[in-house]
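The structure under discussion appears below in the form of structure tokens.
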Amino acid sequence: MNRNLLLFLFILLSLLLHVNGQFQIIDLSSNSDKIKYIDSGVSTCNFKIPILVHATGLSYLSEDTIPSQWLPYSSNSSDTLFLTEFNSVQQGSKNFSILVNGLSSSGSIQISLTCLSFFTILSFGIIKPVFWSSTLKYSSILSIIGLPNGINTFNFDKSSFNILILDVISSTTYIRVEFNENYYFANKGNSTWPINLGFKGTNYTLKIPFISPKIDLDLPVDIQTFSTKSTDIDFMGDIFGEEITFRSVSSNQRPVYSLSTQFNNSKYYVSPRPIYGNANNITYIVYCRRLTSGIQVYSLNSFLKSSIDISLSTTSKFYNTKSIFNNQSPFIVTNNQTTGTLFDLSFSNLKSYDFQTYQFQFKPGSSKMNLAFPFGFKSGNNSMFNYSASFLTSFKSNSLTSSLMVDNIPFQISTNQLVSTTDNLYIGHLEIVKVGFFKYIIRVLAGSSVGVKYFIIPLKSGSIIKIDNSNSVSQNIILGIWELIFDIFEYGSDYKGNIIVYNLQDQQVSYSLGYPFDMTNVSNKLSLPTIDLSNNNYLQDITNISFLYNNIDLTNQNVDNIIYFSFGDANGYYSSTDIAFSLTDPKSLRDQEFNGDISKYYKTKLSFAKWDSSKNRFSAPFKMPANTVPGQLDYTIIFDRDNIIPSTILPMEYQLNVTCSNVDIQGPIITNIIYNYNPSFNDAVSFGWTITIEDSINGFDNGYIIIRGIMDSSLYNVSISSKNGKNGNKLKDNYDVLIELDRTHKCISQNYSITYVYLVDTFGNEATFYRHSTDIQLKKEVYSYDSTGNPLINFINQQSLLSIPSPQYCNSTQSSSTFSLVNFTTNITQMDSGIKDRSITFNFEAQDTTGLKKDQYPIVYLISQDFKSSQCISKIMLLDDVKGVYQCTFDQLPLGFGYPNGLSVSVYGFINNGGQFFGFSSTMLNSSGFQNYIKVPYYNPNEIMITGTTEFNEFSSEFLIYGTAFSLIYSIKATLSNGTQIECTFQFYFNSILRIYNFPTGIKDPFTLIGNGISNVYTVTPIQYNFNYQPIITETPTVTYPPQKCKGSPECGGASNGYCSSSGCVCYSPWFGIDCTSQIVTVPPPSIDTDKPITSIYVPNNSNGNNISSIISIVALREINSVTNEQIKIHYLEKWVYNNISSTISQYKSNITNDDETTTTTIVATLEWFTESKNISFANEKLTMNPSSMKYTIELSSYPFANALSNLQVVMSAQIQSSEKNDICTDKDFGNTTMENSNYIKLQVASNSFYGRYIKRGILDGKIVTVENEILDSKFNSIQSENTAQTYIGILIGRYVNYATIDPDFSVLIESNKANSDSPNSICSAISNSKQLSAGQLVGIIIGSFIGFLTLLIIVVFLMYKSQHCLFVKIIIYKIKRKSKL
């Protein structure tokens, strides 16, 4: 519906309302508003009906008995928009009469509401059986057909699983079932996982298939603890306790383990994470979650049903972390009557302070502010101190009291002036614009007679989205406009159902989503950003996933890569859809601070896919981390927060395979600590520790350690670098961690303690120690008690080593002193929080009779009324015996900070040499006559500023720019590093975002942006990608050419064909073969078989008029016993999927389902035809490809071997055949090539032969290894006749983990000599055998016949001589002998 039609309808409605000034009531509800379904467990329905009333001086009521609530949304002088809520309407249809009384007239309206029970029969489908992913754990995707519109909540056992609606496509609803540990450890081993779902009172039981992995060696081994004791474990602070490591030798890449413990009849689970190792030998670490003091029992569970739980019992001693705000001392909360806008919180402490960070929140919806020492610490030391802090508040409020929460401890703040009048607080307009990259603009127009304070959007997760005055774009909070940049992946669209707007006097109005709210356009319903995927069945559509590199060795190297994918015929639906990509392997998740809390994953950095219309596919670059877990690198394709495709549900050919010989996902560890007291020198004394840092794989890079004075809270930050190691060995080295005290002043005797440690290795693995769950050094809240990254884990129960006494020189006792703040000035008293220069400088001077401590820096705090804070650590300008001069500059305060209520000013952290600290609250500064408040009455929305961009890389032709006043921009210029200026094509989205289009790609160096030539200059630093991956060759077999006798007659074909060497014949071009009597035949390219990787090469009309054909094929995979050579199993490869790569390259993929029924092995065969001679390299061996030859590159993914003795063999078939059957022979020959590390097979028919070269190398898991080739004719019944020769060759590639690659090739030769019956492997036709014999053959026959005749004659004579019937012959022989003697 266009704007003109909407305007016409509104004018028509207005005319109807004002006809003769009549009283009008109009029902604005839809049919879906009036028909509801009963929820499970109840028998009634609730309704919300929007009503527009034209009247003045309204008073209103419902004459029905059903409880109802009238919520006026907005009104003008004559019209009011209401949302009427009807609760507990009984089943059935019922009419309600609503009576509305005006000042001079009244009216009524009939509303018919229908409450239905759910009786539709639903049908369910299993889209994805139970699968595992690192972020979702075990989950499944189901479809529901027949679910009526409006039903989006189900009843289910939340302790077992969670239900998430993904999308609705046509009449089918897709849901994801996310199982938790309570469920899947109870159902491990079961072939189906049953769940119960309730839909509006109707229950369904579903059984979801689960294929249990049949994997041996699943149990953890080498279980170890870090503590030297099994009981009485001292916690390090309130977080870090005992940890357990164990090894997994499972052949499953993702074995599922969990450490469980029980408390109050509930089980709690912690998932171990991998830290180091190699394939099938990974070490995991898990922390022992403490839920109570005393004995606690843990069980380390393996997922296999047959696994045995391993128990560990510990008794832990918790560190005393009781808040200083939870003590016996009375708190004093006072309102500052001078300004009426400050209140103070003060008390005297009765317990010690141990460097905790405290969380402050004032009033619902305000920010949570984390502050630690020195904020609030007025005077004293850590054993006894006074606390005082001032905070801004509203002078007027409609509440008698407001609540200040400090670490969930409430303090009630009285209101200075109670407001009883009702404010006309309203949302006048709300608009949503999709920008891209998961970003939306929420633009709100709202008004209030006293000023709008902020808007709250509650989420079902319990968190909120806040729009406050830092989002104002109109410099008017009485009637203004606010813009929020909304990230739908980070926040999602699971809204609680309303938007709440607050004014400056704490009044609020709540607006319900899905209902009219705008008086100017009653057809406009309140909505928030959602992503519509109703036309995108992404699980079905996704196809053709590939990578620039696959089968990658990540050992000690990061690799940049690109993913490609498409959606087939549905590409058109997706080309305008935001699609992102992220890695979810253990290393990447650790880098994103993911610790099992899915909310942390939603804040990860994403790589957005770019649509390439010329290639009809998407692509996204990404960085692969070094030394991660080998196998399939997990990734996720993302459409929004809930609609994702984890790689673990995709087929094997879409997996990203990696190898790694040394996993390292653990930060550096401190393994030794000793005290180090350096001799004093000059006026200083140095002392501390010498520590040993180990990182045996990646190596330590840098870090820092914070040391605190136990009594005076003095702070020392000591940086460490691998460059400063004592032995120059980053894998293990010693480092000094020293602090320095000034000998010119007496120092108190106190211990100094390590309170924070941060270490990082050369590939970014971090290790962090901190004492408390919220530490000011972290600049963030820590909700998890995950201690697996603790670099001090070796020192549980040895924590005394972390504290060192001060040197003997520091022997003075604490003494009282006179401290004074001499002056405290600032360069401004009022600021505009929207201009470019938002800096403030404070100069101040303090004096103390004992002297101010060296290297200690007071902090100035600025705090807004909604509890946002900014801190500035001062610089020491001058320090002498009694005086310290300091300066502190806030370089650039946040946009909108403090608008419109200003900023309170306070300063804390003065530490003297007598062991005491001092500070001044805002009230104390004011009492001393110093500046304590910065006015912020302005927030200029018309000054153009660029504040940020989306991530940019060399492929980015489009990106977003964030900032202010972009509606005023007419020019954006980019200046490249070489000085070239680019006028950018852009589109602005209101005031907050610009989208750049058609930006030149290929830019890798930083460049600057400026708007209209007058904005700030913003520098963009592109993410660098280097696509130059080279496999790491860790092992190359030694090439040996065994001695061979030169063949041929004449030898090597004669002097013109080649010569004889020690390793056989070396041929001159164009001669070829083992005896240099063959030549390459140039033939047309073979036709492509789209069913199987079969190559059929034809030699038409040879010199004898025969047609010669040769065929190559991949037959099977054989798993054989490496000792007995017996076949264990065989997989015949019959079904292939064809993919055309180019005119000369074809690719085929085939999958076999392994016996465990959970895994498949993918075989990829890439066939490349060479039309001319070309030099190539495979496995570090240079080869020459002849013209008219076909190369097969065969790649295999992981294979679950039956046992440790198994090897894998690829079986290929080669065949040559002639169309002629008469006067012809075939022959076979197999042996070693000369001058190449290969075997050959030659099949000859007549004068043509088919030649196959099998290189004796393969690549297994990134390593070059020797492979063996053998003839398998006896096992596969090869064919051989007078015109056909066939052979089967087995390529024994051995045993591998993730992937294997082999590379044979084939060509056709013409021979100088025909195949004949001379060869022992030949078969000839009958006619050929009867042909005239050669001279040599005749000589052989004659000699053989004569010898045969002579032998026969001797035998006959001998027999006659021996016989009694031959007396006559004997007499003759006797006479002959007698005569010879004479």
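As shown in the structure tokens, the chain order sets the letters A, B, ...; within each chain, residues go from 1, and ligands are also counted from 1 in the order they appear.
Residues within 12 Å of Ser463 (chain A), counting only C-alpha atoms and excluding same-chain residues fewer than 6 positions away, are Gly365, Ser367, Ile456, Ile457, Glu490, Tyr491, Gly492, Asp494, Tyr495, Lys496 and Ser599 of chain A.
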Write a file of the selected residues as a CSV table (one decimal), in the first residue's frame, keeping N, CA, C and O atoms.
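As written to disk, selection-v8.csv reads:
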```
chain,number,residue,atom,x,y,z
A,365,GLY,N,16.7,0.2,34.0
A,365,GLY,CA,17.0,0.6,32.6
A,365,GLY,C,18.3,1.4,32.6
A,365,GLY,O,18.9,1.6,31.5
A,367,SER,N,22.4,2.1,33.0
A,367,SER,CA,23.6,1.2,32.7
A,367,SER,C,24.1,0.6,33.9
A,367,SER,O,24.0,1.2,35.0
A,456,ILE,N,13.4,1.3,26.3
A,456,ILE,CA,13.9,0.0,26.6
A,456,ILE,C,13.1,-1.0,25.8
A,456,ILE,O,11.9,-1.0,25.7
A,457,ILE,N,13.9,-2.0,25.2
A,457,ILE,CA,13.3,-3.1,24.4
A,457,ILE,C,13.7,-4.4,25.2
A,457,ILE,O,14.8,-4.8,25.0
A,490,GLU,N,23.5,-10.1,16.8
A,490,GLU,CA,23.9,-10.0,18.2
A,490,GLU,C,22.7,-10.0,19.1
A,490,GLU,O,22.7,-10.7,20.1
A,491,TYR,N,21.6,-9.3,18.7
A,491,TYR,CA,20.4,-9.2,19.6
A,491,TYR,C,19.3,-10.2,19.3
A,491,TYR,O,18.5,-10.6,20.1
A,492,GLY,N,19.2,-10.6,18.0
A,492,GLY,CA,18.2,-11.5,17.6
A,492,GLY,C,16.9,-10.8,17.5
A,492,GLY,O,16.8,-9.5,17.6
A,494,ASP,N,14.0,-12.1,19.2
A,494,ASP,CA,13.1,-12.8,20.2
A,494,ASP,C,12.7,-11.8,21.2
A,494,ASP,O,13.1,-11.8,22.4
A,495,TYR,N,11.9,-10.8,20.8
A,495,TYR,CA,11.5,-9.7,21.7
A,495,TYR,C,10.4,-10.2,22.7
A,495,TYR,O,9.6,-11.1,22.4
A,496,LYS,N,10.4,-9.5,23.8
A,496,LYS,CA,9.4,-9.9,24.8
A,496,LYS,C,8.0,-9.5,24.5
A,496,LYS,O,7.1,-10.1,25.0
A,599,SER,N,25.5,-16.9,24.2
A,599,SER,CA,25.4,-15.5,24.0
A,599,SER,C,26.8,-14.9,23.7
A,599,SER,O,26.8,-13.9,23.0
```
Ile427 (chain A) surroundings by only C-alpha atoms, 7 Å radius, close-in-sequence under 5 positions cut, as an mmCIF file with all heavy atoms, in the first residue's frame:
```cif
data_model
loop_
_atom_site.group_PDB
_atom_site.id
_atom_site.type_symbol
_atom_site.label_atom_id
_atom_site.label_comp_id
_atom_site.auth_asym_id
_atom_site.auth_seq_id
_atom_site.Cartn_x
_atom_site.Cartn_y
_atom_site.Cartn_z
ATOM 1 N N LEU A 445 10.448 8.570 16.752
ATOM 2 C CA LEU A 445 10.016 9.920 17.090
ATOM 3 C C LEU A 445 9.168 9.821 18.341
ATOM 4 O O LEU A 445 8.217 9.042 18.399
ATOM 5 C CB LEU A 445 9.228 10.545 15.945
ATOM 6 C CG LEU A 445 8.770 11.997 16.124
ATOM 7 C CD1 LEU A 445 8.738 12.723 14.787
ATOM 8 C CD2 LEU A 445 7.390 12.081 16.780
ATOM 9 N N ALA A 446 9.516 10.578 19.375
ATOM 10 C CA ALA A 446 8.781 10.518 20.638
ATOM 11 C C ALA A 446 8.747 11.887 21.278
ATOM 12 O O ALA A 446 9.524 12.793 20.923
ATOM 13 C CB ALA A 446 9.441 9.505 21.578
ATOM 14 N N GLY A 447 7.829 12.047 22.229
ATOM 15 C CA GLY A 447 7.685 13.336 22.888
ATOM 16 C C GLY A 447 7.345 13.204 24.351
ATOM 17 O O GLY A 447 6.822 12.178 24.810
#
```
Closest of A:Thr818, A:Thr114, A:Thr975, A:Thr889 to Phe842 (chain A) - atom-to-atom distances counting only C-alpha atoms: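 The shortest atom-to-atom distance to Phe842 (chain A) comes from A:Thr889.
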Separation of CA of Val718 (chain A) and CA of Ile739 (chain A), in Å?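 Distance reported for this atom pair: 7.6 Å.
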Residue nearest Asn301 (chain A) - candidates A:Pro1100, A:Gly480, A:Pro1086, A:Pro255, atoms counted: only C-alpha atoms: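 That would be A:Pro255, the residue with the smallest distance to Asn301 (chain A).
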Do you have the CA of Cys1076 (chain A)-CA of Glu1172 (chain A) distance handy?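 That distance, rounded to one decimal, is 20.1 Å.
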If you run DSSP on the backbone, which residues of region 79-173 of chain A are strand (DSSP E or B), as a count of residues only? 65
Compile the contact shell of Val435 (chain A) as a JSON list (two decimals) with all heavy atoms, in the first residue's frame: residues with an atom at most 9 Å away, counting only C-alpha atoms, same-chain residues fewer than 2 positions apart removed.
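As written to disk, result.json reads:
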```json
[["chain", "number", "residue", "atom", "x", "y", "z"],
["A", 433, "VAL", "N", 14.65, 0.44, 8.98],
["A", 433, "VAL", "CA", 15.25, 0.36, 7.66],
["A", 433, "VAL", "C", 16.38, -0.66, 7.70],
["A", 433, "VAL", "O", 17.25, -0.61, 8.57],
["A", 433, "VAL", "CB", 15.81, 1.72, 7.21],
["A", 433, "VAL", "CG1", 16.51, 1.60, 5.86],
["A", 433, "VAL", "CG2", 14.69, 2.75, 7.13],
["A", 437, "PHE", "N", 24.53, -6.18, 6.09],
["A", 437, "PHE", "CA", 25.53, -6.70, 7.03],
["A", 437, "PHE", "C", 24.90, -6.94, 8.41],
["A", 437, "PHE", "O", 25.53, -6.69, 9.44],
["A", 437, "PHE", "CB", 26.73, -5.75, 7.16],
["A", 437, "PHE", "CG", 27.43, -5.47, 5.87],
["A", 437, "PHE", "CD1", 27.11, -4.36, 5.11],
["A", 437, "PHE", "CD2", 28.42, -6.34, 5.40],
["A", 437, "PHE", "CE1", 27.76, -4.11, 3.91],
["A", 437, "PHE", "CE2", 29.07, -6.09, 4.21],
["A", 437, "PHE", "CZ", 28.74, -4.97, 3.46],
["A", 438, "PHE", "N", 23.65, -7.41, 8.41],
["A", 438, "PHE", "CA", 22.85, -7.67, 9.63],
["A", 438, "PHE", "C", 22.53, -6.40, 10.41],
["A", 438, "PHE", "O", 22.10, -6.47, 11.56],
["A", 438, "PHE", "CB", 23.55, -8.67, 10.56],
["A", 438, "PHE", "CG", 23.59, -10.07, 10.06],
["A", 438, "PHE", "CD1", 24.54, -10.97, 10.53],
["A", 438, "PHE", "CD2", 22.69, -10.53, 9.12],
["A", 438, "PHE", "CE1", 24.59, -12.27, 10.07],
["A", 438, "PHE", "CE2", 22.73, -11.83, 8.65],
["A", 438, "PHE", "CZ", 23.68, -12.71, 9.13],
["A", 439, "LYS", "N", 22.73, -5.23, 9.80],
["A", 439, "LYS", "CA", 22.47, -3.98, 10.49],
["A", 439, "LYS", "C", 21.13, -3.38, 10.03],
["A", 439, "LYS", "O", 20.79, -3.43, 8.84],
["A", 439, "LYS", "CB", 23.59, -2.98, 10.23],
["A", 439, "LYS", "CG", 24.96, -3.42, 10.72],
["A", 439, "LYS", "CD", 25.01, -3.55, 12.22],
["A", 439, "LYS", "CE", 26.44, -3.75, 12.74],
["A", 439, "LYS", "NZ", 27.05, -4.99, 12.27],
["A", 440, "TYR", "N", 20.41, -2.82, 11.01],
["A", 440, "TYR", "CA", 19.16, -2.10, 10.78],
["A", 440, "TYR", "C", 19.25, -0.76, 11.49],
["A", 440, "TYR", "O", 20.01, -0.59, 12.45],
["A", 440, "TYR", "CB", 17.96, -2.87, 11.33],
["A", 440, "TYR", "CG", 17.62, -4.13, 10.56],
["A", 440, "TYR", "CD1", 18.40, -5.28, 10.67],
["A", 440, "TYR", "CD2", 16.50, -4.19, 9.74],
["A", 440, "TYR", "CE1", 18.09, -6.43, 9.97],
["A", 440, "TYR", "CE2", 16.18, -5.34, 9.04],
["A", 440, "TYR", "CZ", 16.98, -6.46, 9.16],
["A", 440, "TYR", "OH", 16.66, -7.60, 8.46],
["A", 441, "ILE", "N", 18.45, 0.18, 11.03],
["A", 441, "ILE", "CA", 18.27, 1.44, 11.76],
["A", 441, "ILE", "C", 16.87, 1.42, 12.37],
["A", 441, "ILE", "O", 15.88, 1.20, 11.66],
["A", 441, "ILE", "CB", 18.40, 2.65, 10.83],
["A", 441, "ILE", "CG1", 19.84, 2.80, 10.38],
["A", 441, "ILE", "CG2", 17.90, 3.91, 11.52],
["A", 441, "ILE", "CD1", 20.62, 3.88, 11.03],
["A", 960, "LEU", "N", 29.89, -0.30, 5.22],
["A", 960, "LEU", "CA", 29.11, 0.70, 5.94],
["A", 960, "LEU", "C", 30.03, 1.66, 6.67],
["A", 960, "LEU", "O", 31.11, 1.28, 7.15],
["A", 960, "LEU", "CB", 28.17, 0.04, 6.94],
["A", 960, "LEU", "CG", 27.19, -1.00, 6.42],
["A", 960, "LEU", "CD1", 26.31, -1.52, 7.56],
["A", 960, "LEU", "CD2", 26.33, -0.44, 5.30],
["A", 989, "TYR", "N", 21.50, 6.41, 5.20],
["A", 989, "TYR", "CA", 20.32, 5.89, 5.90],
["A", 989, "TYR", "C", 20.11, 6.78, 7.12],
["A", 989, "TYR", "O", 20.72, 6.59, 8.16],
["A", 989, "TYR", "CB", 20.53, 4.45, 6.31],
["A", 989, "TYR", "CG", 20.62, 3.49, 5.13],
["A", 989, "TYR", "CD1", 21.82, 3.30, 4.47],
["A", 989, "TYR", "CD2", 19.50, 2.82, 4.67],
["A", 989, "TYR", "CE1", 21.92, 2.44, 3.39],
["A", 989, "TYR", "CE2", 19.58, 1.96, 3.60],
["A", 989, "TYR", "CZ", 20.79, 1.78, 2.95],
["A", 989, "TYR", "OH", 20.86, 0.92, 1.88],
["A", 993, "ILE", "N", 24.10, 6.09, 9.28],
["A", 993, "ILE", "CA", 24.84, 5.11, 8.47],
["A", 993, "ILE", "C", 24.88, 5.56, 7.02],
["A", 993, "ILE", "O", 23.90, 6.06, 6.47],
["A", 993, "ILE", "CB", 24.18, 3.71, 8.55],
["A", 993, "ILE", "CG1", 24.33, 3.10, 9.93],
["A", 993, "ILE", "CG2", 24.79, 2.76, 7.53],
["A", 993, "ILE", "CD1", 23.82, 1.69, 10.05],
["A", 994, "LEU", "N", 26.05, 5.37, 6.42],
["A", 994, "LEU", "CA", 26.21, 5.45, 4.97],
["A", 994, "LEU", "C", 26.60, 4.09, 4.45],
["A", 994, "LEU", "O", 27.37, 3.36, 5.10],
["A", 994, "LEU", "CB", 27.33, 6.44, 4.60],
["A", 994, "LEU", "CG", 27.10, 7.94, 4.82],
["A", 994, "LEU", "CD1", 28.39, 8.67, 4.53],
["A", 994, "LEU", "CD2", 26.00, 8.45, 3.93],
["A", 995, "ARG", "N", 26.10, 3.74, 3.27],
["A", 995, "ARG", "CA", 26.54, 2.52, 2.61],
["A", 995, "ARG", "C", 27.30, 2.90, 1.35],
["A", 995, "ARG", "O", 26.77, 3.59, 0.48],
["A", 995, "ARG", "CB", 25.36, 1.61, 2.27],
["A", 995, "ARG", "CG", 25.81, 0.30, 1.63],
["A", 995, "ARG", "CD", 24.75, -0.77, 1.69],
["A", 995, "ARG", "NE", 25.25, -2.04, 1.18],
["A", 995, "ARG", "CZ", 24.68, -3.22, 1.42],
["A", 995, "ARG", "NH1", 23.60, -3.28, 2.19],
["A", 995, "ARG", "NH2", 25.18, -4.32, 0.92]]
```
From the list A:Met945, A:Leu1009, A:Leu862, A:Ile111, which residue is nearest Phe897 (chain A) when using only C-alpha atoms? A:Leu862
For region 130-132 of chain A, find every residue with an atom within 7 Å (counting only C-alpha atoms), except residues of its own chain fewer than 4 positions away, and show them as a ChimeraX atom specification. /A:137-140,208-210,648-649
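Note that CA of Val737 (chain A) and CA of Asn913 (chain A) are 22.2 Å apart.
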Surrounding residues of Ser977 (chain A) excluding itself and chain neighbours under 6 positions, 10 Å, only C-alpha atoms, as a short mmCIF file (atom, residue, chain, number, x, y, z; two decimals) with all heavy atoms, in the first residue's frame:
```cif
data_model
loop_
_atom_site.label_atom_id
_atom_site.label_comp_id
_atom_site.auth_asym_id
_atom_site.auth_seq_id
_atom_site.Cartn_x
_atom_site.Cartn_y
_atom_site.Cartn_z
N ILE A 1003 42.34 -3.11 -2.57
CA ILE A 1003 43.04 -2.14 -1.72
C ILE A 1003 43.42 -2.83 -0.41
O ILE A 1003 42.56 -3.28 0.34
CB ILE A 1003 42.16 -0.91 -1.45
CG1 ILE A 1003 41.88 -0.17 -2.76
CG2 ILE A 1003 42.82 0.02 -0.43
CD1 ILE A 1003 40.92 0.97 -2.64
N LYS A 1004 44.72 -2.91 -0.13
CA LYS A 1004 45.21 -3.58 1.06
C LYS A 1004 45.80 -2.63 2.09
O LYS A 1004 45.90 -2.98 3.27
CB LYS A 1004 46.28 -4.61 0.67
CG LYS A 1004 45.76 -5.76 -0.17
CD LYS A 1004 46.85 -6.80 -0.40
CE LYS A 1004 46.33 -8.01 -1.15
NZ LYS A 1004 47.37 -9.07 -1.32
N ASP A 1005 46.20 -1.42 1.67
CA ASP A 1005 46.83 -0.48 2.59
C ASP A 1005 45.79 0.42 3.24
O ASP A 1005 44.71 0.65 2.68
CB ASP A 1005 47.85 0.37 1.84
CG ASP A 1005 49.00 -0.46 1.30
OD1 ASP A 1005 49.35 -1.46 1.95
OD2 ASP A 1005 49.52 -0.11 0.21
N PRO A 1006 46.09 0.96 4.42
CA PRO A 1006 45.16 1.88 5.08
C PRO A 1006 44.82 3.08 4.19
O PRO A 1006 45.66 3.56 3.42
CB PRO A 1006 45.92 2.30 6.34
CG PRO A 1006 46.87 1.19 6.61
CD PRO A 1006 47.28 0.70 5.25
N PHE A 1007 43.59 3.58 4.32
CA PHE A 1007 43.16 4.78 3.60
C PHE A 1007 42.27 5.60 4.52
O PHE A 1007 41.84 5.12 5.58
CB PHE A 1007 42.43 4.42 2.30
CG PHE A 1007 41.18 3.60 2.48
CD1 PHE A 1007 39.93 4.21 2.62
CD2 PHE A 1007 41.25 2.22 2.52
CE1 PHE A 1007 38.79 3.45 2.78
CE2 PHE A 1007 40.11 1.45 2.68
CZ PHE A 1007 38.87 2.06 2.82
N THR A 1008 42.04 6.85 4.17
CA THR A 1008 41.26 7.76 5.01
C THR A 1008 39.95 8.13 4.33
O THR A 1008 39.84 8.11 3.09
CB THR A 1008 42.04 9.03 5.35
OG1 THR A 1008 42.37 9.71 4.13
CG2 THR A 1008 43.32 8.69 6.10
#
```
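Counting only C-alpha atoms, Phe240 (chain A) has the following residues at most 9 Å away, ignoring those fewer than 4 positions along the same chain: Phe235, Met236, Tyr287, Phe769, Tyr770, Arg771, His772, Tyr785, Asp786, Ser787, Thr788, Asn790, Ile793 and Ile796 of chain A.
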I need the residue nearest Ser816 (chain A) from this list: A:Tyr997, A:Val286, A:Tyr861, A:Phe917. Use only C-alpha atoms for the distance.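 So, comparing all the options, the nearest one is A:Phe917.
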Might you pull out every residue within 10 Å of region 845-852 of chain A, with only C-alpha atoms counted and same-chain residues fewer than 5 positions away left off, and present them as a ChimeraX atom specification? /A:745-747,815-825,876-887,910-917
Nearest candidate to Thr1162 (chain A) (options A:Ser1325, A:Ser105, A:Asn1175, A:Asn657; using only C-alpha atoms):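 Nearest to Thr1162 (chain A): A:Asn657.
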Taking the DSSP secondary structure from the backbone, can you list the residues of region 543-777 of chain A that are alpha helix (DSSP H), as a list in words?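 The alpha helix (DSSP H) subset of region 543-777 of chain A is Asn571, Gly572, Tyr573, Tyr574, Pro586, Lys587, Ser588, Leu589, Arg590, Asp591, Ile598, Ser599, Lys600 and Tyr601 of chain A.
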Given only C-alpha atoms as the counted atoms, nearest of A:Ile275, A:Ile1271, A:Val473, A:Val406 to Ile324 (chain A):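 Answer, going by the shortest atom-to-atom distance: A:Val406.
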